[in-house]
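Structure file target.pdb; described as PDB, C-alpha atoms, pLDDT in the B column.
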ATOM      1  CA  MET C 224      81.758 -28.657 -75.674  1.00 85.00           C
ATOM      2  CA  LYS C 225      79.407 -26.130 -74.100  1.00 90.00           C
ATOM      3  CA  LYS C 226      79.236 -25.438 -70.383  1.00 90.00           C
ATOM      4  CA  LYS C 227      75.646 -25.045 -69.161  1.00 93.00           C
ATOM      5  CA  MET C 228      73.818 -24.621 -65.860  1.00 92.00           C
ATOM      6  CA  ASP C 229      70.518 -25.952 -64.579  1.00 92.00           C
ATOM      7  CA  GLY C 230      68.817 -26.424 -61.209  1.00 92.00           C
ATOM      8  CA  LYS C 231      71.243 -29.223 -60.283  1.00 89.00           C
ATOM      9  CA  GLY C 232      74.402 -27.290 -61.202  1.00 88.00           C
ATOM     10  CA  GLU C 233      76.926 -27.284 -64.014  1.00 90.00           C
ATOM     11  CA  TYR C 234      76.945 -29.750 -66.911  1.00 90.00           C
ATOM     12  CA  PHE C 235      78.507 -29.985 -70.368  1.00 90.00           C
ATOM     13  CA  GLU C 236      76.838 -30.520 -73.726  1.00 91.00           C
ATOM     14  CA  VAL C 237      79.229 -32.422 -75.976  1.00 90.00           C
ATOM     15  CA  MET C 238      78.960 -33.424 -79.644  1.00 91.00           C
ATOM     16  CA  MET C 239      81.201 -36.404 -80.455  1.00 89.00           C
ATOM     17  CA  ASP C 240      81.839 -39.073 -83.056  1.00 89.00           C
ATOM     18  CA  LEU C 241      81.277 -42.289 -81.086  1.00 87.00           C
ATOM     19  CA  ASP C 242      81.015 -45.742 -82.627  1.00 89.00           C
ATOM     20  CA  GLY C 243      80.974 -44.122 -86.079  1.00 88.00           C
ATOM     21  CA  LYS C 244      77.935 -41.922 -85.325  1.00 89.00           C
ATOM     22  CA  PHE C 245      77.713 -38.239 -84.447  1.00 89.00           C
ATOM     23  CA  THR C 246      76.325 -38.219 -80.895  1.00 88.00           C
ATOM     24  CA  ARG C 247      75.080 -35.492 -78.543  1.00 91.00           C
ATOM     25  CA  CYS C 248      75.914 -36.117 -74.885  1.00 89.00           C
ATOM     26  CA  PHE C 249      75.000 -34.276 -71.715  1.00 91.00           C
ATOM     27  CA  LEU C 250      77.614 -34.887 -69.049  1.00 89.00           C
ATOM     28  CA  ARG C 251      77.684 -33.875 -65.392  1.00 89.00           C
ATOM     29  CA  SER C 252      81.061 -34.657 -63.859  1.00 86.00           C
ATOM     30  CA  GLY C 253      83.233 -33.756 -60.901  1.00 85.00           C
ATOM     31  CA  LEU C 254      86.203 -33.400 -63.242  1.00 85.00           C
ATOM     32  CA  GLY C 255      87.394 -29.958 -64.273  1.00 84.00           C
ATOM     33  CA  ARG C 256      86.831 -28.771 -67.829  1.00 86.00           C
ATOM     34  CA  ASN C 257      90.477 -29.245 -68.921  1.00 89.00           C
ATOM     35  CA  GLU C 258      90.790 -32.740 -67.451  1.00 90.00           C
ATOM     36  CA  LEU C 259      87.426 -33.717 -68.921  1.00 87.00           C
ATOM     37  CA  LEU C 260      88.481 -32.481 -72.378  1.00 88.00           C
ATOM     38  CA  ARG C 261      91.717 -34.491 -72.220  1.00 90.00           C
ATOM     39  CA  LYS C 262      89.770 -37.654 -71.424  1.00 88.00           C
ATOM     40  CA  LEU C 263      87.119 -36.984 -74.085  1.00 88.00           C
ATOM     41  CA  TYR C 264      89.769 -36.647 -76.824  1.00 88.00           C
ATOM     42  CA  SER C 265      91.062 -40.151 -76.078  1.00 89.00           C
ATOM     43  CA  ILE C 266      87.774 -42.054 -76.437  1.00 88.00           C
ATOM     44  CA  SER C 267      85.999 -43.378 -79.509  1.00 89.00           C
ATOM     45  CA  THR C 268      83.190 -45.608 -78.192  1.00 89.00           C
ATOM     46  CA  ILE C 269      80.171 -45.103 -75.961  1.00 84.00           C
ATOM     47  CA  ASP C 270      81.502 -47.734 -73.541  1.00 86.00           C
ATOM     48  CA  GLU C 271      84.700 -45.716 -73.091  1.00 87.00           C
ATOM     49  CA  LEU C 272      82.624 -42.575 -72.491  1.00 84.00           C
ATOM     50  CA  TYR C 273      80.860 -44.227 -69.547  1.00 82.00           C
ATOM     51  CA  SER C 274      84.223 -45.057 -67.950  1.00 84.00           C
ATOM     52  CA  ILE C 275      85.812 -41.574 -67.859  1.00 83.00           C
ATOM     53  CA  ASP C 276      84.506 -40.673 -64.395  1.00 80.00           C
ATOM     54  CA  GLN C 277      82.976 -43.085 -61.858  1.00 78.00           C
ATOM     55  CA  LYS C 278      80.718 -40.319 -60.456  1.00 75.00           C
ATOM     56  CA  ALA C 279      79.661 -38.867 -63.808  1.00 78.00           C
ATOM     57  CA  VAL C 280      76.022 -38.662 -64.842  1.00 81.00           C
ATOM     58  CA  LEU C 281      75.683 -39.099 -68.591  1.00 80.00           C
ATOM     59  CA  TYR C 282      72.749 -38.790 -70.972  1.00 81.00           C
ATOM     60  CA  ILE C 283      73.080 -39.623 -74.657  1.00 80.00           C
ATOM     61  CA  ALA C 284      70.601 -38.172 -77.140  1.00 71.00           C
TER      62      ALA C 284
END
Encoded form (structure tokens):
Amino acid sequence: MKKKMDGKGEYFEVMMDLDGKFTRCFLRSGLGRNELLRKLYSISTIDELYSIDQKAVLYIA
């Protein structure tokens, strides 16, 4: 998980094994880094990833 900045603010670049595939995600969330990491460790599908934060903006590459 890498913390990055752009014109809109802070976001995280995350590489994860989701649904059996290695996936790169770009996640902008109101959650703190530690809380976000705890939630990311408990998921294994893309559907679960979309449900970690109701206000999160998520892009999957």
(message) Just checking: using all atoms listed in the file, which residue out of C:Glu233, C:Lys227, C:Ile275, C:Val280 ends up closest to Leu259 (chain C)?
(response) C:Ile275
(message) I'd like to know which of C:Lys262, C:Arg256, C:Lys244, C:Lys278 is closest to Met224 (chain C), using only C-alpha atoms.
(response) C:Arg256
(request) Rank C:Leu281, C:Tyr273, C:Thr246, C:Leu263 by their smallest atom-to-atom distance to Tyr234 (chain C), using only C-alpha atoms, and report the top residue only. (result) C:Leu281
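Interatomic distance, CA of Val237 (chain C) to CA of Ile283 (chain C): 9.6 Å.
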(request) Have a look at C:Leu260, C:Ile269, C:Lys225, C:Gly253 and name the one nearest to Ala284 (chain C); count all atoms listed in the file. (result) C:Ile269
